[in-house]
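Trainee: Quick one: this structure, given as structure tokens, is what I'll be asking you about.
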Amino acid sequence: MSAKTDRIDRLAELTARKDEGGHGLWYEAFRRLRRNPLAMTGAVIILLFVLIAILAPWLAPHDPAAQTWLGEIRGAEGFIPGPRSGNWLGVDGLGRDELSRLIIGSRQSLLVGVVATLLGFTAGAILGGLSGAFLGMFGKAGRWVDSILMRFNDMALAVPSLLLAISVATILGQGLVTVMIAVGVTQIPVFARLLRGSMLAQSHSDYVLASTALGVRKRRIVLNHILPNSMSPVLVQATLSLATAIIEAAGLSFLGLGGANAANPEWGVMLADSQQYLATNLRLAVYPAVAIIITALGFTLLGEAMREALDPKLRK
Amino acid sequence: MSLLSVRDLKVHFPIKRGVLFDRTIGHVYAVDGVSLDVERGGTYGLVGESGCGKSTLGRAVLRLVDVTSGSVEFDGKDLATLKGEPLRKERSRLQMVFQDPMSSLDPRQNVESILSEGLAAHGMIGDRKARRAHIQQTLDAVGLPRGALSRYPHEFSGGQRQRIGIARALVLKPDVIIADEPVSALDVSVQAQVINLLEELQNDLGLTYLVIAHDLAVVRHISDTIGVMYLGGIVEEAPSDVLYVSPRHPYTKALMSAVPVPDPEVEDSRERVLLKGDLPSPANPPTGCRFHTRCPWRQETRCDTERPELTLVGDGHKVACHWAAEIEAGEIQPKSDAVVGATTAEVA
């Protein structure tokens, strides 16, 4: 009797577990993200933004540079045609279609945001990773290298990012590449500090001690345990950085350091151009500002949700 | 000769301050002159309150923290002076089981990867098939299902995770296992299972244990010899039955009297030794006997000036107290407010 019930129990256990493979951390994190409405809102915003940027030439109803409606603008009265059937968001101060300029402008923002963040992420991760690896592998000499690297990093971190970006932009001259480099450079110390700190925290964890006790080589511990477990805060920061990068790029363009020209509209430049019409045509400032805010919000929402999903302490 | 013998082991952590050049402004005397012997196949239990240095001692034996001075003799070799590759090679013979089974397992590794890592590091069992067989055998030994291989630590319960931790230590076929609070993070019902598992494995494989715990019942159950630690030093060492029946050191007396007795009449009438104050800072330990600041039997002479040695007082029973004999004979009485006897019974 009992042998039989044991067999049945065993069978039930076996069938229940048959197809159940192990699920890694990323898979679990992704599942939690999918259940989080804020994460999904952010993801949808980002998806729309990316789609618009990629398909911009086909989506834009008019040529963003053509001053087709210049004749209708009566400067003395401060009249600029507003939203209407031909121009859904009206035209700007030089008679160009506002909607087309916004749509085409999204490409610059995406490009600058992604390239600048990639630059900051890559350089910062290398710097921080080296620092953390030296700390973990080479004892006293490693601590020296780490100390020196991090003190320079702290100096860079102490400079206000917009100021640093302006300095870089001034040295390199105007242009899109300048904005990318300037925004990217300001991100480097943040990523470096974050990855290094994360690696330091991981290197004190019990599983690293356990691996040491097993006799695993230091290099292998750093590469196989410490580094992979330190990446999640850095990836979260990268998502959040995209938002900052887009805002900073707009800021630099606003200050006239960007490479935008009439053919390549940019949200920051549009904001700057709208200044002279603020009193009479506020909407010209509102459109690009809202575009910047929504995009930044999308990245921030997703980044925050990722932080929650990847943080084992917040997990149920 | 004992398999593992620790002599006058000291682990002092420097307290550092400074921007680019660190200055040492003091030391934390985590372990300060500990000697102990663990016999082959035996179990040495180490008890003490949190912060007394018992975990650090365990880690120092495995060289997971730097040893300041002293020796850790293991099977004729001094682990405390080994470095680099020779130390790494020696590690396969001494393994550790950690307190928190969650944080001691890499969340990104599945069980198979966790268990094969040590084998790979020591080049043991190169053949993939043979390695897998060995790992599965180890899983059987700790009572985990074979399907566990492809799963990740977070998919297991606390007790199962600790079994993975034990399997990781076992897979290298070590001689000594140091268990640092192996069950204190587990539910009480699971604690017994894990303790029994450790005992079974010891019987089957002839393992030698150094068990660190603050739970007196756990240590009593599993240990042959017990050492009581206070502020970086061992104050009393005795075979476990002797220690629980007749503790000699004032600190051990206080510890034992904190254990409730499962008999209401005895519980109401027995003497309780209450300690006042907190554990002093190990960065600035008291002079003389480390325990003199809280000791109810403290005397005017010697206690605050001279550090007592661990001396033999009976069969395998060692005590580090200047006045152990006098206390035992009843010649010295504790300060009256430190001992509570039978008060609750009288009131009732």
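Ordering of the structure tokens sets the chain letters (A, B, ...), residue numbers begin anew at 1 in every chain, and ligands are numbered from 1 in the order given.
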Within 8 Å of chain A, which residues of chain B are there when counting only C-alpha atoms? Please give them as an MDAnalysis selection string.
Mentor: chainID B and resid 20 62 64 88:89 91:92 94:96 98 103:108 110 117:118 121:122 147 150:152 155 169
Trainee: Produce a file of the selected residues containing C-alpha atoms, as a short mmCIF file (atom, residue, chain, number, x, y, z; two decimals), in the first residue's frame.
Mentor:
```
data_model
loop_
_atom_site.label_atom_id
_atom_site.label_comp_id
_atom_site.auth_asym_id
_atom_site.auth_seq_id
_atom_site.Cartn_x
_atom_site.Cartn_y
_atom_site.Cartn_z
CA LEU B 20 45.23 58.52 -1.76
CA LEU B 62 40.82 28.64 5.19
CA LEU B 64 39.91 33.61 3.17
CA ARG B 88 45.17 27.17 -4.12
CA LYS B 89 46.00 23.49 -4.57
CA ARG B 91 42.18 24.39 -0.79
CA SER B 92 40.51 21.32 -2.26
CA LEU B 94 39.39 22.09 3.26
CA GLN B 95 35.96 23.36 2.34
CA MET B 96 33.44 25.73 3.79
CA PHE B 98 28.29 29.24 4.57
CA SER B 103 24.18 34.81 -0.93
CA SER B 104 26.79 32.08 -1.01
CA LEU B 105 25.52 30.75 -4.35
CA ASP B 106 26.10 32.75 -7.52
CA PRO B 107 22.57 33.55 -8.78
CA ARG B 108 23.74 33.27 -12.40
CA ASN B 110 22.95 26.64 -12.36
CA GLU B 117 33.52 24.72 -10.84
CA GLY B 118 35.70 23.32 -8.07
CA ALA B 121 39.69 24.44 -10.88
CA HIS B 122 41.61 21.46 -9.60
CA GLY B 147 16.63 17.15 -11.98
CA SER B 150 19.88 22.50 -14.71
CA ARG B 151 18.14 24.73 -12.19
CA TYR B 152 19.21 27.96 -10.55
CA GLU B 155 14.35 28.07 -7.68
CA ALA B 169 31.88 21.56 -0.47
#
```
Trainee: Please extract the residues of stretch 123-274 of chain B with a backbone DSSP assignment of strand (DSSP E) and present them as a list in words.
Mentor: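 The residues of stretch 123-274 of chain B classed as strand (DSSP E) are Val176, Ile177, Ile178, Ala179, Asp180, Thr208, Tyr209, Leu210, Val211, Ile212, Ala213, Thr225, Ile226, Gly227, Val228, Met229, Tyr230, Gly233, Ile234, Val235, Glu236, Glu237, Ala238, Pro239, Glu271, Arg272 and Val273 of chain B.
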Trainee: Would you pick out the contacts of B:Gly277 at 12 Å or less, using only C-alpha atoms, so that residues sharing its chain but fewer than 4 positions from it are not included, and give the list as a PDB file with N, CA and C atoms, in the first residue's frame?
Mentor:
```pdb
ATOM      1  N   SER B 281      34.104  46.829  22.299  1.00  0.00           N
ATOM      2  CA  SER B 281      34.550  46.899  20.909  1.00  0.00           C
ATOM      3  C   SER B 281      35.845  46.113  20.726  1.00  0.00           C
ATOM      4  N   PHE B 291      37.052  39.545  29.654  1.00  0.00           N
ATOM      5  CA  PHE B 291      35.687  39.439  30.170  1.00  0.00           C
ATOM      6  C   PHE B 291      35.506  40.230  31.471  1.00  0.00           C
ATOM      7  N   HIS B 292      36.583  40.831  31.988  1.00  0.00           N
ATOM      8  CA  HIS B 292      36.476  41.383  33.341  1.00  0.00           C
ATOM      9  C   HIS B 292      35.455  42.523  33.442  1.00  0.00           C
ATOM     10  N   THR B 293      35.177  43.218  32.328  1.00  0.00           N
ATOM     11  CA  THR B 293      34.225  44.344  32.392  1.00  0.00           C
ATOM     12  C   THR B 293      32.798  43.874  32.663  1.00  0.00           C
ATOM     13  N   ARG B 294      32.514  42.614  32.357  1.00  0.00           N
ATOM     14  CA  ARG B 294      31.136  42.144  32.521  1.00  0.00           C
ATOM     15  C   ARG B 294      31.036  40.976  33.507  1.00  0.00           C
ATOM     16  N   CYS B 295      32.143  40.597  34.092  1.00  0.00           N
ATOM     17  CA  CYS B 295      32.167  39.367  34.886  1.00  0.00           C
ATOM     18  C   CYS B 295      31.590  39.582  36.286  1.00  0.00           C
ATOM     19  N   PRO B 296      30.609  38.789  36.700  1.00  0.00           N
ATOM     20  CA  PRO B 296      30.039  38.931  38.043  1.00  0.00           C
ATOM     21  C   PRO B 296      31.011  38.492  39.140  1.00  0.00           C
ATOM     22  N   ALA B 338      23.868  40.117  39.986  1.00  0.00           N
ATOM     23  CA  ALA B 338      24.116  39.455  38.712  1.00  0.00           C
ATOM     24  C   ALA B 338      23.455  38.086  38.640  1.00  0.00           C
TER      25      ALA B 338
END
```
Trainee: Here is a test: counting only C-alpha atoms, which residue of A:Gln276, A:Ser106, A:Ser232, A:Thr178 is nearest to A:Ala29?
Mentor: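 For A:Ala29, the nearest of the candidates is A:Ser232.
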Trainee: Just the alpha helix (DSSP H) stuff from stretch 125-199 of chain B, please, per backbone DSSP, written as an MDAnalysis selection string.
Mentor: chainID B and resid 128:142 158:170 188:199
Trainee: Within 12 Å of A:Phe152, counting only C-alpha atoms, which residues show up once you throw out same-chain ones fewer than 6 positions away? Write them as a list of chain:residue names, please.
Mentor: A:Leu127, A:Gly128, A:Ser131, A:Val145, A:Asp146, A:Ala158, A:Val159, A:Ile188, A:Pro189, A:Ala192, A:Arg193, B:Leu20
Trainee: Emit the selected residues as a PDB file, in the first residue's frame, including N, CA, C and O atoms.
Mentor:
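Wrote it out as part-v6.pdb, contents follow:
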```
ATOM      1  N   LEU A 127      36.988  51.432 -18.094  1.00  0.00           N
ATOM      2  CA  LEU A 127      37.711  52.073 -16.996  1.00  0.00           C
ATOM      3  C   LEU A 127      37.320  51.459 -15.644  1.00  0.00           C
ATOM      4  O   LEU A 127      38.181  51.059 -14.852  1.00  0.00           O
ATOM      5  N   GLY A 128      36.012  51.381 -15.403  1.00  0.00           N
ATOM      6  CA  GLY A 128      35.532  50.841 -14.125  1.00  0.00           C
ATOM      7  C   GLY A 128      35.862  49.378 -13.987  1.00  0.00           C
ATOM      8  O   GLY A 128      36.256  48.911 -12.913  1.00  0.00           O
ATOM      9  N   SER A 131      39.494  48.989 -13.176  1.00  0.00           N
ATOM     10  CA  SER A 131      39.712  49.374 -11.796  1.00  0.00           C
ATOM     11  C   SER A 131      39.263  48.258 -10.851  1.00  0.00           C
ATOM     12  O   SER A 131      39.994  47.855  -9.950  1.00  0.00           O
ATOM     13  N   VAL A 145      46.518  51.020  -8.215  1.00  0.00           N
ATOM     14  CA  VAL A 145      46.019  51.359  -9.547  1.00  0.00           C
ATOM     15  C   VAL A 145      44.580  51.843  -9.440  1.00  0.00           C
ATOM     16  O   VAL A 145      44.205  52.882 -10.013  1.00  0.00           O
ATOM     17  N   ASP A 146      43.788  51.136  -8.663  1.00  0.00           N
ATOM     18  CA  ASP A 146      42.390  51.505  -8.486  1.00  0.00           C
ATOM     19  C   ASP A 146      42.264  52.897  -7.874  1.00  0.00           C
ATOM     20  O   ASP A 146      41.485  53.726  -8.335  1.00  0.00           O
ATOM     21  N   ALA A 158      33.253  65.469 -10.577  1.00  0.00           N
ATOM     22  CA  ALA A 158      32.948  66.692  -9.845  1.00  0.00           C
ATOM     23  C   ALA A 158      32.599  67.844 -10.779  1.00  0.00           C
ATOM     24  O   ALA A 158      31.944  68.802 -10.369  1.00  0.00           O
ATOM     25  N   VAL A 159      33.029  67.764 -12.039  1.00  0.00           N
ATOM     26  CA  VAL A 159      32.716  68.834 -12.987  1.00  0.00           C
ATOM     27  C   VAL A 159      31.268  68.688 -13.434  1.00  0.00           C
ATOM     28  O   VAL A 159      30.858  67.603 -13.822  1.00  0.00           O
ATOM     29  N   ILE A 188      31.057  59.045 -18.955  1.00  0.00           N
ATOM     30  CA  ILE A 188      32.116  58.058 -18.653  1.00  0.00           C
ATOM     31  C   ILE A 188      32.339  57.876 -17.155  1.00  0.00           C
ATOM     32  O   ILE A 188      32.274  56.745 -16.654  1.00  0.00           O
ATOM     33  N   PRO A 189      32.597  58.967 -16.406  1.00  0.00           N
ATOM     34  CA  PRO A 189      32.884  58.744 -14.978  1.00  0.00           C
ATOM     35  C   PRO A 189      31.731  58.100 -14.208  1.00  0.00           C
ATOM     36  O   PRO A 189      31.962  57.341 -13.270  1.00  0.00           O
ATOM     37  N   ALA A 192      31.926  54.411 -14.985  1.00  0.00           N
ATOM     38  CA  ALA A 192      33.138  53.836 -14.395  1.00  0.00           C
ATOM     39  C   ALA A 192      32.944  53.629 -12.894  1.00  0.00           C
ATOM     40  O   ALA A 192      33.192  52.552 -12.359  1.00  0.00           O
ATOM     41  N   ARG A 193      32.469  54.665 -12.231  1.00  0.00           N
ATOM     42  CA  ARG A 193      32.280  54.608 -10.785  1.00  0.00           C
ATOM     43  C   ARG A 193      31.266  53.515 -10.420  1.00  0.00           C
ATOM     44  O   ARG A 193      31.430  52.773  -9.476  1.00  0.00           O
TER      45      ARG A 193
ATOM     46  N   LEU B  20      44.460  59.284  -0.790  1.00  0.00           N
ATOM     47  CA  LEU B  20      45.230  58.524  -1.761  1.00  0.00           C
ATOM     48  C   LEU B  20      46.164  57.574  -1.023  1.00  0.00           C
ATOM     49  O   LEU B  20      46.355  56.437  -1.403  1.00  0.00           O
TER      50      LEU B  20
END
```
Trainee: Could you name the residues that touch B:Gly76 at 12 Å or less, counting only C-alpha atoms, but leaving out those on the same chain fewer than 4 positions away, as JSON, numbers by chain?
Mentor: {"B": [1, 2, 3, 4, 5, 6, 71, 72, 90]}
Trainee: Could you save those same residues with all heavy atoms as a CSV table (one decimal), in the first residue's frame?
Mentor:
```
chain,number,residue,atom,x,y,z
B,1,MET,N,48.4,12.7,16.3
B,1,MET,CA,48.4,14.1,16.1
B,1,MET,C,47.1,14.5,15.4
B,1,MET,O,46.5,13.8,14.6
B,1,MET,CB,49.6,14.5,15.2
B,1,MET,CG,50.1,15.9,15.4
B,1,MET,SD,51.1,16.4,14.0
B,1,MET,CE,50.1,17.6,13.3
B,2,SER,N,46.6,15.7,15.8
B,2,SER,CA,45.3,16.1,15.3
B,2,SER,C,45.5,16.6,13.8
B,2,SER,O,46.6,17.0,13.4
B,2,SER,CB,44.7,17.2,16.1
B,2,SER,OG,45.8,18.1,16.6
B,3,LEU,N,44.4,16.5,13.1
B,3,LEU,CA,44.4,16.8,11.7
B,3,LEU,C,44.6,18.3,11.4
B,3,LEU,O,45.4,18.7,10.6
B,3,LEU,CB,43.1,16.3,11.0
B,3,LEU,CG,43.0,16.5,9.5
B,3,LEU,CD1,44.0,15.8,8.8
B,3,LEU,CD2,41.6,16.1,9.1
B,4,LEU,N,43.9,19.1,12.3
B,4,LEU,CA,44.0,20.5,12.1
B,4,LEU,C,44.4,21.1,13.4
B,4,LEU,O,43.7,20.8,14.4
B,4,LEU,CB,42.6,21.0,11.7
B,4,LEU,CG,42.5,22.5,11.4
B,4,LEU,CD1,43.3,22.9,10.1
B,4,LEU,CD2,41.1,22.9,11.2
B,5,SER,N,45.5,21.8,13.4
B,5,SER,CA,45.9,22.4,14.7
B,5,SER,C,46.3,23.9,14.6
B,5,SER,O,47.1,24.2,13.8
B,5,SER,CB,47.0,21.5,15.3
B,5,SER,OG,48.1,22.2,15.5
B,6,VAL,N,45.5,24.7,15.3
B,6,VAL,CA,45.7,26.1,15.2
B,6,VAL,C,46.5,26.6,16.4
B,6,VAL,O,46.2,26.2,17.5
B,6,VAL,CB,44.3,26.8,15.1
B,6,VAL,CG1,44.5,28.3,15.2
B,6,VAL,CG2,43.5,26.4,13.9
B,71,SER,N,49.9,30.0,13.5
B,71,SER,CA,50.0,29.0,12.5
B,71,SER,C,48.7,28.2,12.4
B,71,SER,O,48.0,28.1,13.4
B,71,SER,CB,51.2,28.1,12.8
B,71,SER,OG,50.9,27.3,13.9
B,72,VAL,N,48.5,27.6,11.2
B,72,VAL,CA,47.3,26.7,11.0
B,72,VAL,C,47.9,25.5,10.4
B,72,VAL,O,48.2,25.4,9.2
B,72,VAL,CB,46.3,27.4,10.1
B,72,VAL,CG1,45.1,26.4,9.9
B,72,VAL,CG2,45.8,28.7,10.6
B,90,GLU,N,46.0,23.4,-2.1
B,90,GLU,CA,45.6,22.8,-0.9
B,90,GLU,C,44.2,23.0,-0.5
B,90,GLU,O,43.6,22.3,0.3
B,90,GLU,CB,46.5,23.5,0.2
B,90,GLU,CG,46.8,22.6,1.4
B,90,GLU,CD,47.5,21.3,1.1
B,90,GLU,OE1,48.3,21.3,0.1
B,90,GLU,OE2,47.1,20.3,1.7
```
Trainee: Give me the residues near B:Glu309 as a PyMOL selection string, where near means some atom within 10 Å (using only C-alpha atoms) and where sequence neighbours in that chain fewer than 2 positions away do not count.
Mentor: chain B and resi 234-235+289+306-307+311-312+318-322
Trainee: Name the closest residue to A:Gly105 among the candidates A:Leu271, A:Ala65, A:Ala53, A:Ile181; distances are taken between atoms, counting only C-alpha atoms.
Mentor: A:Ala53
Trainee: Counting only C-alpha atoms, which of A:Thr170, A:Thr117, A:Ser253, A:Gln202 gets nearest to A:Gln187?
Mentor: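 Closest candidate: A:Thr117.
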Trainee: Find the residues near A:Pro160: any atom within 12 Å, counting only C-alpha atoms, skip ones fewer than 4 places away on the same chain, and give them as number ranges by chain.
Mentor: A: 154-156, 164-167, 183, 185-187, 189-190, 248
